[in-house]
Structure formats: C-alpha cells, structure tokens
>>> print(open('coords.pdb').read())   # PDB, C-alpha atoms
MODEL        1
ATOM      1  CA  MET A  44      15.217   1.898 -36.343
ATOM      2  CA  THR A  45      12.774   0.790 -33.658
ATOM      3  CA  LEU A  46      12.244   2.857 -30.520
ATOM      4  CA  ILE A  47      11.772   0.590 -27.499
ATOM      5  CA  VAL A  48       9.969   1.782 -24.377
ATOM      6  CA  PRO A  49      10.110   0.102 -20.934
ATOM      7  CA  VAL A  50       7.632  -2.596 -19.918
ATOM      8  CA  ARG A  51       5.574  -0.122 -17.872
ATOM      9  CA  ALA A  52       5.298   2.369 -20.740
ATOM     10  CA  ALA A  53       1.780   3.657 -21.063
ATOM     11  CA  SER A  54       2.075   4.945 -24.594
ATOM     12  CA  THR A  55       3.645   3.804 -27.849
ATOM     13  CA  ALA A  56       6.525   5.928 -29.105
ATOM     14  CA  ALA A  57       6.512   6.756 -32.782
ATOM     15  CA  LEU A  58       9.402   6.684 -35.192
ATOM     16  CA  ALA A  59      10.466   9.627 -37.244
ATOM     17  CA  THR A  60      13.460  10.687 -39.211
ATOM     18  CA  PHE A  61      15.536  13.697 -38.342
ATOM     19  CA  ALA A  62      17.653  15.999 -40.490
ATOM     20  CA  CYS A  63      21.179  16.864 -39.422
ATOM     21  CA  LEU A  64      21.810  20.573 -39.755
ATOM     22  CA  ALA A  65      25.058  22.538 -39.610
ATOM     23  CA  PRO A  66      26.623  22.574 -36.103
ATOM     24  CA  LEU A  67      26.158  25.705 -34.031
ATOM     25  CA  ARG A  68      29.185  27.824 -33.199
ATOM     26  CA  ALA A  69      31.128  26.501 -30.193
ATOM     27  CA  ASN A  70      34.388  27.102 -28.365
ATOM     28  CA  ALA A  71      36.803  24.814 -30.195
ATOM     29  CA  GLN A  72      38.890  24.171 -27.104
ATOM     30  CA  ASP A  73      36.433  23.611 -24.250
ATOM     31  CA  ALA A  74      33.310  22.349 -26.050
ATOM     32  CA  SER A  75      32.568  20.224 -29.073
ATOM     33  CA  PRO A  76      30.362  21.656 -31.839
ATOM     34  CA  TRP A  77      26.637  21.362 -31.241
ATOM     35  CA  ILE A  78      25.173  18.349 -33.029
ATOM     36  CA  LYS A  79      21.750  19.579 -34.047
ATOM     37  CA  ASP A  80      18.663  17.737 -35.204
ATOM     38  CA  THR A  81      15.204  19.142 -35.798
ATOM     39  CA  TYR A  82      14.138  19.425 -32.141
ATOM     40  CA  SER A  83      17.304  19.197 -30.036
ATOM     41  CA  SER A  84      21.060  19.743 -29.912
ATOM     42  CA  VAL A  85      23.787  17.977 -27.944
ATOM     43  CA  ARG A  86      27.493  18.563 -27.291
ATOM     44  CA  LEU A  87      30.354  17.674 -24.941
ATOM     45  CA  ILE A  88      32.020  20.216 -22.661
ATOM     46  CA  ALA A  89      35.333  19.987 -20.842
ATOM     47  CA  GLY A  90      36.303  21.375 -17.464
ATOM     48  CA  SER A  91      39.761  22.275 -16.243
ATOM     49  CA  ARG A  92      42.165  19.374 -16.100
ATOM     50  CA  SER A  93      44.204  18.477 -13.018
ATOM     51  CA  GLY A  94      45.841  15.064 -12.725
ATOM     52  CA  ASN A  95      43.821  12.000 -13.669
ATOM     53  CA  VAL A  96      40.416  13.247 -12.420
ATOM     54  CA  LEU A  97      38.521  15.443 -14.859
ATOM     55  CA  LEU A  98      35.096  17.026 -14.924
ATOM     56  CA  GLY A  99      33.076  17.413 -18.074
ATOM     57  CA  GLY A 100      29.500  17.435 -19.227
ATOM     58  CA  ILE A 101      26.959  16.546 -21.886
ATOM     59  CA  GLY A 102      24.811  19.517 -22.785
ATOM     60  CA  PHE A 103      21.329  19.179 -24.276
ATOM     61  CA  GLN A 104      19.200  21.961 -25.747
ATOM     62  CA  LEU A 105      15.550  21.251 -26.537
ATOM     63  CA  GLN A 106      13.033  23.141 -28.629
ATOM     64  CA  PRO A 107      10.060  24.662 -26.711
ATOM     65  CA  GLY A 108       7.510  21.994 -25.802
ATOM     66  CA  TRP A 109       9.956  19.116 -26.250
ATOM     67  CA  LYS A 110      11.541  17.032 -23.511
ATOM     68  CA  THR A 111      14.028  14.243 -22.951
ATOM     69  CA  TYR A 112      14.306  11.680 -20.159
ATOM     70  CA  TRP A 113      16.092  11.005 -16.880
ATOM     71  CA  ARG A 114      18.041   7.783 -16.228
ATOM     72  CA  THR A 115      14.705   6.295 -15.035
ATOM     73  CA  PRO A 116      11.936   7.652 -17.288
ATOM     74  CA  GLY A 117       8.889   6.857 -15.126
ATOM     75  CA  ASP A 118       5.710   5.307 -16.501
ATOM     76  CA  SER A 119       6.914   5.692 -20.084
ATOM     77  CA  GLY A 120       9.883   7.009 -21.993
ATOM     78  CA  VAL A 121      13.392   6.099 -23.081
ATOM     79  CA  PRO A 122      16.426   6.929 -20.917
ATOM     80  CA  PRO A 123      19.584   8.224 -22.628
ATOM     81  CA  ARG A 124      22.204   5.588 -23.477
ATOM     82  CA  ILE A 125      25.761   6.902 -23.689
ATOM     83  CA  ASP A 126      28.795   4.834 -24.689
ATOM     84  CA  PHE A 127      32.306   6.176 -23.959
ATOM     85  CA  THR A 128      34.244   3.019 -24.853
ATOM     86  CA  LYS A 129      35.982   4.553 -27.879
ATOM     87  CA  SER A 130      37.586   7.318 -25.798
ATOM     88  CA  ASP A 131      41.361   7.679 -25.507
ATOM     89  CA  ASN A 132      43.145   7.405 -22.130
ATOM     90  CA  VAL A 133      39.868   7.101 -20.206
ATOM     91  CA  GLU A 134      39.475   4.562 -17.401
ATOM     92  CA  THR A 135      35.901   5.337 -16.323
ATOM     93  CA  VAL A 136      33.170   7.919 -16.886
ATOM     94  CA  LYS A 137      30.414   8.465 -14.326
ATOM     95  CA  ILE A 138      27.310  10.423 -15.303
ATOM     96  CA  LEU A 139      25.913  12.632 -12.517
ATOM     97  CA  TRP A 140      22.203  13.177 -13.090
ATOM     98  CA  PRO A 141      20.507  16.493 -12.207
ATOM     99  CA  LEU A 142      17.161  16.279 -10.440
ATOM    100  CA  PRO A 143      14.447  15.680 -13.059
ATOM    101  CA  THR A 144      11.013  17.206 -13.316
ATOM    102  CA  LYS A 145       7.741  15.302 -13.569
ATOM    103  CA  PHE A 146       5.404  15.694 -16.526
ATOM    104  CA  PRO A 147       2.330  13.854 -17.893
ATOM    105  CA  ASP A 148       3.232  11.186 -20.426
ATOM    106  CA  GLY A 149       0.051  11.705 -22.456
ATOM    107  CA  ALA A 150      -1.467   8.355 -21.494
ATOM    108  CA  GLY A 151      -2.426   8.951 -17.873
ATOM    109  CA  GLY A 152       1.027   8.294 -16.428
ATOM    110  CA  ILE A 153       3.965  10.362 -15.220
ATOM    111  CA  SER A 154       7.396  10.611 -16.811
ATOM    112  CA  PHE A 155      10.654  12.045 -15.457
ATOM    113  CA  GLY A 156      13.014  14.179 -17.466
ATOM    114  CA  TYR A 157      14.141  17.585 -18.639
ATOM    115  CA  LYS A 158      12.831  20.463 -20.722
ATOM    116  CA  ASN A 159      14.542  23.443 -22.390
ATOM    117  CA  GLN A 160      18.157  22.628 -21.526
ATOM    118  CA  VAL A 161      20.185  20.448 -19.182
ATOM    119  CA  THR A 162      23.828  19.556 -18.624
ATOM    120  CA  LEU A 163      24.707  16.093 -17.329
ATOM    121  CA  PRO A 164      27.992  16.460 -15.389
ATOM    122  CA  LEU A 165      30.660  13.823 -16.009
ATOM    123  CA  ARG A 166      33.349  12.592 -13.618
ATOM    124  CA  ILE A 167      36.142  11.172 -15.747
ATOM    125  CA  ILE A 168      39.111   9.119 -14.548
ATOM    126  CA  ALA A 169      42.078   9.080 -16.909
ATOM    127  CA  LYS A 170      44.260   5.996 -17.211
ATOM    128  CA  SER A 171      47.451   8.085 -17.262
ATOM    129  CA  PRO A 172      47.459  11.606 -15.769
ATOM    130  CA  ASP A 173      50.348  12.762 -17.981
ATOM    131  CA  LYS A 174      48.791  11.724 -21.304
ATOM    132  CA  PRO A 175      46.144  13.467 -23.456
ATOM    133  CA  VAL A 176      42.483  12.616 -22.900
ATOM    134  CA  THR A 177      39.970  12.515 -25.727
ATOM    135  CA  LEU A 178      36.358  11.775 -24.863
ATOM    136  CA  ARG A 179      34.234  10.138 -27.542
ATOM    137  CA  ALA A 180      30.546   9.619 -26.819
ATOM    138  CA  ALA A 181      27.954   7.670 -28.783
ATOM    139  CA  ILE A 182      24.751   9.284 -27.511
ATOM    140  CA  SER A 183      21.299   7.732 -28.011
ATOM    141  CA  TYR A 184      18.308   9.593 -26.600
ATOM    142  CA  ALA A 185      14.697  10.437 -27.332
ATOM    143  CA  VAL A 186      12.986  13.791 -27.604
ATOM    144  CA  CYS A 187       9.244  13.863 -27.130
ATOM    145  CA  GLU A 188       6.330  16.196 -27.569
ATOM    146  CA  LYS A 189       3.193  14.234 -28.456
ATOM    147  CA  LEU A 190       5.338  11.655 -30.240
ATOM    148  CA  CYS A 191       8.857  10.487 -29.459
ATOM    149  CA  ILE A 192      11.727  10.788 -31.912
ATOM    150  CA  PRO A 193      14.965   8.808 -31.521
ATOM    151  CA  VAL A 194      18.236  10.694 -31.866
ATOM    152  CA  GLU A 195      21.718   9.281 -32.438
ATOM    153  CA  ALA A 196      24.795  11.498 -32.093
ATOM    154  CA  GLN A 197      28.563  10.975 -32.109
ATOM    155  CA  ALA A 198      30.522  13.624 -30.195
ATOM    156  CA  GLU A 199      34.263  13.997 -29.594
ATOM    157  CA  LEU A 200      36.276  16.396 -27.442
ATOM    158  CA  ALA A 201      39.927  16.615 -26.342
ATOM    159  CA  PHE A 202      40.527  17.777 -22.767
ATOM    160  CA  VAL A 203      43.388  20.243 -23.115
ATOM    161  CA  SER A 204      42.584  23.310 -20.985
ATOM    162  CA  VAL A 205      44.368  24.050 -17.739
ATOM    163  CA  ALA A 206      41.614  26.593 -17.013
ATOM    164  CA  SER A 207      38.412  25.881 -18.945
ATOM    165  CA  THR A 208      35.869  28.527 -19.915
ATOM    166  CA  GLU A 209      33.171  25.923 -19.172
ATOM    167  CA  ASP A 210      34.003  25.509 -15.456
ATOM    168  CA  GLY A 211      31.118  27.780 -14.451
ATOM    169  CA  ALA A 212      28.584  25.804 -16.499
ATOM    170  CA  ILE A 213      29.808  22.517 -15.044
ATOM    171  CA  SER A 214      29.723  23.904 -11.494
ATOM    172  CA  ALA A 215      26.152  25.138 -11.994
ATOM    173  CA  ALA A 216      25.127  21.707 -13.290
ATOM    174  CA  LEU A 217      26.736  19.982 -10.297
ATOM    175  CA  ASP A 218      24.597  22.146  -7.992
ATOM    176  CA  THR A 219      21.481  20.531  -9.509
ATOM    177  CA  VAL A 220      22.652  16.962  -8.766
ATOM    178  CA  PRO A 221      21.124  15.390  -5.615
ATOM    179  CA  LYS A 222      23.664  14.924  -2.820
ATOM    180  CA  PRO A 223      24.284  11.509  -1.196
ATOM    181  CA  ALA A 224      22.549  11.008   2.162
ATOM    182  CA  LYS A 225      21.432   8.325   4.601
ATOM    183  CA  ILE A 226      18.085   7.441   6.134
ATOM    184  CA  GLY A 227      17.458   9.680   9.132
ATOM    185  CA  ASP A 228      19.961  12.396   8.192
ATOM    186  CA  THR A 229      19.198  15.922   9.357
ATOM    187  CA  ALA A 230      18.667  18.025   6.243
ATOM    188  CA  PRO A 231      16.070  20.439   4.837
ATOM    189  CA  VAL A 232      14.362  17.364   3.327
ATOM    190  CA  SER A 233      15.223  13.787   4.280
ATOM    191  CA  VAL A 234      14.034  10.198   4.208
ATOM    192  CA  ARG A 235      13.116   9.354   7.789
ATOM    193  CA  ASP A 236      11.977   5.746   7.383
ATOM    194  CA  VAL A 237      11.473   3.010   4.783
ATOM    195  CA  ARG A 238       9.416  -0.049   5.642
ATOM    196  CA  ARG A 239       7.650  -2.837   3.822
ATOM    197  CA  GLU A 240       4.238  -4.383   4.386
ATOM    198  CA  GLY A 241       3.807  -7.291   1.998
ATOM    199  CA  ASN A 242       3.902  -5.913  -1.527
ATOM    200  CA  VAL A 243       3.698  -2.264  -0.428
ATOM    201  CA  VAL A 244       6.637  -0.031   0.508
ATOM    202  CA  HIS A 245       6.086   2.961   2.813
ATOM    203  CA  VAL A 246       8.462   5.936   2.774
ATOM    204  CA  ASP A 247       8.311   8.759   5.327
ATOM    205  CA  VAL A 248       9.873  12.049   4.218
ATOM    206  CA  ALA A 249      10.684  14.786   6.760
ATOM    207  CA  LEU A 250      10.627  18.456   5.778
ATOM    208  CA  GLN A 251      12.460  20.660   8.265
ATOM    209  CA  ASP A 252      10.848  23.997   7.340
ATOM    210  CA  ASP A 253       7.341  22.589   6.914
ATOM    211  CA  LYS A 254       5.861  24.632   9.783
ATOM    212  CA  ALA A 255       7.268  27.853   8.363
ATOM    213  CA  SER A 256       5.572  27.063   5.058
ATOM    214  CA  ALA A 257       2.167  26.268   6.571
ATOM    215  CA  GLY A 258      -0.579  27.252   4.170
ATOM    216  CA  LYS A 259       1.754  27.337   1.172
ATOM    217  CA  GLU A 260       1.118  23.929  -0.361
ATOM    218  CA  LYS A 261       3.512  24.286  -3.297
ATOM    219  CA  GLU A 262       6.402  25.182  -0.987
ATOM    220  CA  ARG A 263       5.629  22.249   1.289
ATOM    221  CA  ASP A 264       5.404  19.639  -1.455
ATOM    222  CA  VAL A 265       8.274  17.236  -1.877
ATOM    223  CA  GLN A 266       9.158  14.951  -4.751
ATOM    224  CA  LEU A 267      10.114  11.309  -4.332
ATOM    225  CA  PHE A 268      11.594   9.066  -7.029
ATOM    226  CA  VAL A 269      12.366   5.373  -6.534
ATOM    227  CA  GLU A 270      14.673   3.108  -8.557
ATOM    228  CA  GLY A 271      15.451  -0.580  -8.358
ATOM    229  CA  PRO A 272      18.907  -2.165  -8.152
ATOM    230  CA  THR A 273      19.177  -2.479 -11.959
ATOM    231  CA  PRO A 274      17.776  -0.405 -14.850
ATOM    232  CA  ASP A 275      15.330  -3.150 -15.862
ATOM    233  CA  TRP A 276      13.323  -2.579 -12.684
ATOM    234  CA  ALA A 277      10.318  -0.362 -13.520
ATOM    235  CA  LEU A 278       8.857   0.520 -10.128
ATOM    236  CA  PRO A 279       5.701   2.676  -9.972
ATOM    237  CA  VAL A 280       5.799   6.380  -9.181
ATOM    238  CA  PRO A 281       5.405   6.804  -5.377
ATOM    239  CA  LYS A 282       2.106   8.340  -4.281
ATOM    240  CA  LEU A 283       1.673  10.889  -1.488
ATOM    241  CA  VAL A 284      -0.959   9.338   0.797
ATOM    242  CA  LYS A 285      -0.765  11.443   3.954
ATOM    243  CA  ARG A 286       0.590  14.810   5.041
ATOM    244  CA  GLU A 287       1.399  15.796   8.617
ATOM    245  CA  PRO A 288       3.287  18.817  10.004
ATOM    246  CA  GLY A 289       6.903  18.188   9.090
ATOM    247  CA  LEU A 290       6.221  14.762   7.571
ATOM    248  CA  GLN A 291       4.881  13.366   4.316
ATOM    249  CA  HIS A 292       4.006   9.696   3.748
ATOM    250  CA  PHE A 293       4.455   7.993   0.383
ATOM    251  CA  THR A 294       3.678   4.469  -0.787
ATOM    252  CA  PHE A 295       4.355   2.384  -3.872
ATOM    253  CA  GLU A 296       3.759  -1.243  -4.792
ATOM    254  CA  LEU A 297       6.527  -3.676  -5.649
ATOM    255  CA  ASP A 298       5.396  -3.900  -9.249
ATOM    256  CA  GLY A 299       7.451  -3.822 -12.445
ATOM    257  CA  LEU A 300      10.179  -6.211 -11.300
ATOM    258  CA  PRO A 301      12.073  -8.040 -14.059
ATOM    259  CA  PRO A 302      11.267 -11.745 -14.508
ATOM    260  CA  GLY A 303      12.765 -13.887 -11.758
ATOM    261  CA  ALA A 304      13.747 -10.921  -9.560
ATOM    262  CA  SER A 305      12.920 -10.848  -5.842
ATOM    263  CA  ALA A 306      12.249  -7.769  -3.744
ATOM    264  CA  ASP A 307      13.684  -9.452  -0.644
ATOM    265  CA  GLY A 308      16.853  -7.604   0.286
ATOM    266  CA  ALA A 309      16.710  -5.449  -2.845
ATOM    267  CA  ALA A 310      18.813  -2.276  -2.789
ATOM    268  CA  LEU A 311      16.622   0.672  -3.768
ATOM    269  CA  LYS A 312      17.722   4.209  -4.579
ATOM    270  CA  LEU A 313      15.410   6.949  -3.324
ATOM    271  CA  THR A 314      15.752  10.508  -4.597
ATOM    272  CA  VAL A 315      13.947  13.100  -2.496
ATOM    273  CA  ALA A 316      13.645  16.829  -3.166
ATOM    274  CA  GLY A 317      12.084  19.792  -1.406
ATOM    275  CA  SER A 318      12.905  23.179   0.159
ATOM    276  CA  GLY A 319      15.411  23.813  -2.610
ATOM    277  CA  SER A 320      17.473  20.715  -1.749
ATOM    278  CA  ALA A 321      17.716  17.196  -3.164
ATOM    279  CA  TYR A 322      19.325  14.015  -1.854
ATOM    280  CA  GLU A 323      19.872  10.382  -2.893
ATOM    281  CA  VAL A 324      19.416   7.654  -0.295
ATOM    282  CA  ASN A 325      20.187   3.951  -0.598
ATOM    283  CA  ALA A 326      17.695   1.700   1.198
ATOM    284  CA  LYS A 327      17.680  -2.080   1.501
ATOM    285  CA  LEU A 328      14.297  -3.781   1.636
ATOM    286  CA  PRO A 329      13.728  -6.398   4.340
TER
ENDMDL
END
>>> encode(input="coords.pdb", output="structure tokens")
Amino acid sequence: MTLIVPVRAASTAALATFACLAPLRANAQDASPWIKDTYSSVRLIAGSRSGNVLLGGIGFQLQPGWKTYWRTPGDSGVPPRIDFTKSDNVETVKILWPLPTKFPDGAGGISFGYKNQVTLPLRIIAKSPDKPVTLRAAISYAVCEKLCIPVEAQAELAFVSVASTEDGAISAALDTVPKPAKIGDTAPVSVRDVRREGNVVHVDVALQDDKASAGKEKERDVQLFVEGPTPDWALPVPKLVKREPGLQHFTFELDGLPPGASADGAALKLTVAGSGSAYEVNAKLP
C-alpha cells in the first residue's frame, strides 16, 4: 500500500505494517469494539435515537507521542477518509470536526491534527425514521510520530438505544467543534475583515478580551486556519504579521491551488480560535 501526501507535503511518509490485536472491551449496545493497531485504536459510538436525525461519533485513541490529522492536514500529512456507503437505512452522514492543534511536521512546516484522543461527532440522517439504522464505516487514516503509518479499519454499529450511555461523550465532543459565524460577528474572537491584494490575502481577527489579557501573550494568541473550496486546495498556513490591541493581522499567499483553478470568487473557509472559543466563517474572495 502506498501512502500519498498532499502536494505541499514537506516530508515523505513511510510505509509500515501494523498488527491487529484483540479488540478492547466496549459497550455492546452504544459503541462498537475498539479496533486496535500498534499505535492507535478506533471505534464507532451511538447517541440516543429520536426520529430520523441521529448523533454518533468516531473515537480515536493514540499512543503517547503519536498523532493523526484534521480534515486539512497543513503543510504535510494525510487527512482521514471515511466511507459510510455500506450503511443500512442511512441517507447522509456529516462529520463535525473538532478544532485541531498545530504541531511541527518534522520538515520545517506545520501540520494540523490531534494527539492522545479525539471524537469526531457525526450527524446522521436516516432514510426511514421507523426502521433500524446500522452504520458501517471504512476508515482510512494515518498515525505519525517521526514516520507515518497508514491504518485501515472496518467498523459497524447498530443504533438501537433510546437513551445512549455515550450521549455525554458526544456532547463533550460537540463542544469542541467550531461554531458557524459570519464576518464581523460580535464574539470573543471573530473575523473582522478579509481582503485581497494581488496574490496575498489579508485577514483581520478581533479579540474581544484582548485588553484584559495585556501582557499575557499566550492568552492573547489566536489560531487561524484557511481551507479552499475543495480538498485538493493546499493553501499555506496563515502567518501573524501584526498585533494591535484587540486586533491581529494575518496573511497568506494564494499558493497550492489545484491545476486550472482560479482564486477569483473562490469560497474559502476560515476557522478562528481564541479566548476559549472557535468559529468557522465562509468568505468569498473578490
């Protein structure tokens, strides 16, 4: 099997084999057994069912020092690929992504992802609300320390609980997902303005409690992630270029576009985090 990294990847991922060990103990009703390889484990969890809208999750556990990637991995890395097409009585599944952390990719770049453990919440729409739902997921992801190892897992779970024991875990995971917002919204941290000058995009981020945090640089720092309209866009990590009271200025170049793509009118997704809050903003380039 060949591990493929995005065009902007700064390092070459290595292949390795992994041994499948016995599944860890799990609640047979509300969670599938853990599927465990050498450095990580993955499983499905089910929330309480009501009508045709269900909540669930994909839980990952990682060994100390190992990490996996966000939907956009940054300068290098492999995002998880999850296929639900073999599920029963499922119309759609939407993955809700918790805010990632940034970490060095080992080749001078920055990657986005998760360490230790993470649950990706799922919003599931059933085709028929009065029929059983069985979620089947083909999960492909990479776990990385100094080298990256590909992992393939097949998980299955029937949603049968009226009141699931996993509701608390799913609710906690939902709290880590950035909330939808608009440019100029009043919030603890917000995108105030997005503008373009040639091949450079400028993003101004407002931090409401910045004055109260004066002198505490870590508290005042915000994170900004940018994504293109499709996954094959590999835009650079935005750089903080200027800090003012209550305002931080970021820039990034329009680099990493797929062949034939134009930035004119492109719909970007900006994820901004700070002051314990995180938001997703859609912005259209001029």
>>> resolve_selection(input="coords.pdb", expression="the PyMOL selection byres ((chain A and resi 156-172) around 9)", output="ChimeraX atom specification")
/A:93-117,122,131-146,154-155,173-176,212-217,220
>>> write_last_selection(input="coords.pdb", atoms="C-alpha atoms", output="compact mmCIF listing (two decimals), in the coordinates of the input")
# COMPACT_ATOMS: atom_id res chain seq x y z
CA SER A 93 44.20 18.48 -13.02
CA GLY A 94 45.84 15.06 -12.72
CA ASN A 95 43.82 12.00 -13.67
CA VAL A 96 40.42 13.25 -12.42
CA LEU A 97 38.52 15.44 -14.86
CA LEU A 98 35.10 17.03 -14.92
CA GLY A 99 33.08 17.41 -18.07
CA GLY A 100 29.50 17.43 -19.23
CA ILE A 101 26.96 16.55 -21.89
CA GLY A 102 24.81 19.52 -22.78
CA PHE A 103 21.33 19.18 -24.28
CA GLN A 104 19.20 21.96 -25.75
CA LEU A 105 15.55 21.25 -26.54
CA GLN A 106 13.03 23.14 -28.63
CA PRO A 107 10.06 24.66 -26.71
CA GLY A 108 7.51 21.99 -25.80
CA TRP A 109 9.96 19.12 -26.25
CA LYS A 110 11.54 17.03 -23.51
CA THR A 111 14.03 14.24 -22.95
CA TYR A 112 14.31 11.68 -20.16
CA TRP A 113 16.09 11.00 -16.88
CA ARG A 114 18.04 7.78 -16.23
CA THR A 115 14.70 6.30 -15.04
CA PRO A 116 11.94 7.65 -17.29
CA GLY A 117 8.89 6.86 -15.13
CA PRO A 122 16.43 6.93 -20.92
CA ASP A 131 41.36 7.68 -25.51
CA ASN A 132 43.14 7.40 -22.13
CA VAL A 133 39.87 7.10 -20.21
CA GLU A 134 39.48 4.56 -17.40
CA THR A 135 35.90 5.34 -16.32
CA VAL A 136 33.17 7.92 -16.89
CA LYS A 137 30.41 8.46 -14.33
CA ILE A 138 27.31 10.42 -15.30
CA LEU A 139 25.91 12.63 -12.52
CA TRP A 140 22.20 13.18 -13.09
CA PRO A 141 20.51 16.49 -12.21
CA LEU A 142 17.16 16.28 -10.44
CA PRO A 143 14.45 15.68 -13.06
CA THR A 144 11.01 17.21 -13.32
CA LYS A 145 7.74 15.30 -13.57
CA PHE A 146 5.40 15.69 -16.53
CA SER A 154 7.40 10.61 -16.81
CA PHE A 155 10.65 12.04 -15.46
CA ASP A 173 50.35 12.76 -17.98
CA LYS A 174 48.79 11.72 -21.30
CA PRO A 175 46.14 13.47 -23.46
CA VAL A 176 42.48 12.62 -22.90
CA ALA A 212 28.58 25.80 -16.50
CA ILE A 213 29.81 22.52 -15.04
CA SER A 214 29.72 23.90 -11.49
CA ALA A 215 26.15 25.14 -11.99
CA ALA A 216 25.13 21.71 -13.29
CA LEU A 217 26.74 19.98 -10.30
CA VAL A 220 22.65 16.96 -8.77
>>> atom_distance(input="coords.pdb", atom1="atom CA of Ala201 of chain A", atom2="atom CA of Pro76 of chain A")
12.1 Å
>>> atom_distance(input="coords.pdb", atom1="atom CA of Asp118 of chain A", atom2="atom CA of Cys191 of chain A")
14.3 Å
>>> residues_near_point(input="coords.pdb", point="(35.2, 22.0, -20.5)", cutoff="7 Å", atoms="only C-alpha atoms", output="ChimeraX atom specification")
/A:73-74,88-91,99,207-210
>>> residues_around(input="coords.pdb", residues="Ala180 of chain A", least_positions_apart="3", cutoff="7 Å", atoms="only C-alpha atoms", output="list in words")
Ile125, Asp126, Phe127, Gln197, Ala198 and Glu199 of chain A
>>> resolve_selection(input="coords.pdb", expression="the PyMOL selection byres ((chain A and resi 320) around 9)", output="list in words")
Thr219, Pro221, Lys222, Ala230, Pro231, Val232, Val315, Ala316, Gly317, Ser318, Gly319, Ala321 and Tyr322 of chain A
>>> closest_residue(input="coords.pdb", among="A:Ile78, A:Ala150, A:Val205, A:Val121", to="Ala277 of chain A", atoms="only C-alpha atoms")
A:Val121
>>> closest_residue(input="coords.pdb", among="A:Ser305, A:Ser233, A:Ser119, A:Gln72", to="Phe202 of chain A", atoms="only C-alpha atoms")
A:Gln72
>>> resolve_selection(input="coords.pdb", expression="the PyMOL selection byres ((chain A and resi 304) around 12)", output="ChimeraX atom specification")
/A:271-273,275-277,297-303,305-309
>>> residues_around(input="coords.pdb", residues="Glu270 of chain A", least_positions_apart="4", cutoff="7 Å", atoms="all atoms listed in the file", output="NGL selection string")
:A and (278 or 311-313)
>>> write_last_selection(input="coords.pdb", atoms="C-alpha atoms", output="short mmCIF file (atom, residue, chain, number, x, y, z; two decimals), in the frame of the given file")
data_model
loop_
_atom_site.label_atom_id
_atom_site.label_comp_id
_atom_site.auth_asym_id
_atom_site.auth_seq_id
_atom_site.Cartn_x
_atom_site.Cartn_y
_atom_site.Cartn_z
CA LEU A 278 8.86 0.52 -10.13
CA LEU A 311 16.62 0.67 -3.77
CA LYS A 312 17.72 4.21 -4.58
CA LEU A 313 15.41 6.95 -3.32
#
>>> closest_residue(input="coords.pdb", among="A:Thr229, A:Gln266, A:Glu296, A:Glu195", to="Asn242 of chain A", atoms="all atoms listed in the file")
A:Glu296
>>> atom_distance(input="coords.pdb", atom1="atom CA of Pro274 of chain A", atom2="atom CA of Val234 of chain A")
22.1 Å
>>> residues_around(input="coords.pdb", residues="Leu267 of chain A", least_positions_apart="4", cutoff="9 Å", atoms="all atoms listed in the file", output="ChimeraX atom specification")
/A:248,280-283,293,313-316
>>> write_last_selection(input="coords.pdb", atoms="C-alpha atoms", output="PDB file, in the frame of the given file")
ATOM      1  CA  VAL A 248       9.873  12.049   4.218  1.00  0.00           C
ATOM      2  CA  VAL A 280       5.799   6.380  -9.181  1.00  0.00           C
ATOM      3  CA  PRO A 281       5.405   6.804  -5.377  1.00  0.00           C
ATOM      4  CA  LYS A 282       2.106   8.340  -4.281  1.00  0.00           C
ATOM      5  CA  LEU A 283       1.673  10.889  -1.488  1.00  0.00           C
ATOM      6  CA  PHE A 293       4.455   7.993   0.383  1.00  0.00           C
ATOM      7  CA  LEU A 313      15.410   6.949  -3.324  1.00  0.00           C
ATOM      8  CA  THR A 314      15.752  10.508  -4.597  1.00  0.00           C
ATOM      9  CA  VAL A 315      13.947  13.100  -2.496  1.00  0.00           C
ATOM     10  CA  ALA A 316      13.645  16.829  -3.166  1.00  0.00           C
TER      11      ALA A 316
END
>>> axis_aligned_box(input="coords.pdb", around="segment 144-150 of chain A", padding_each_side="4 Å", output="lines of an AutoDock Vina configuration file")
center_x = 4.8
center_y = 12.8
center_z = -17.9
size_x = 20.5
size_y = 16.9
size_z = 17.1
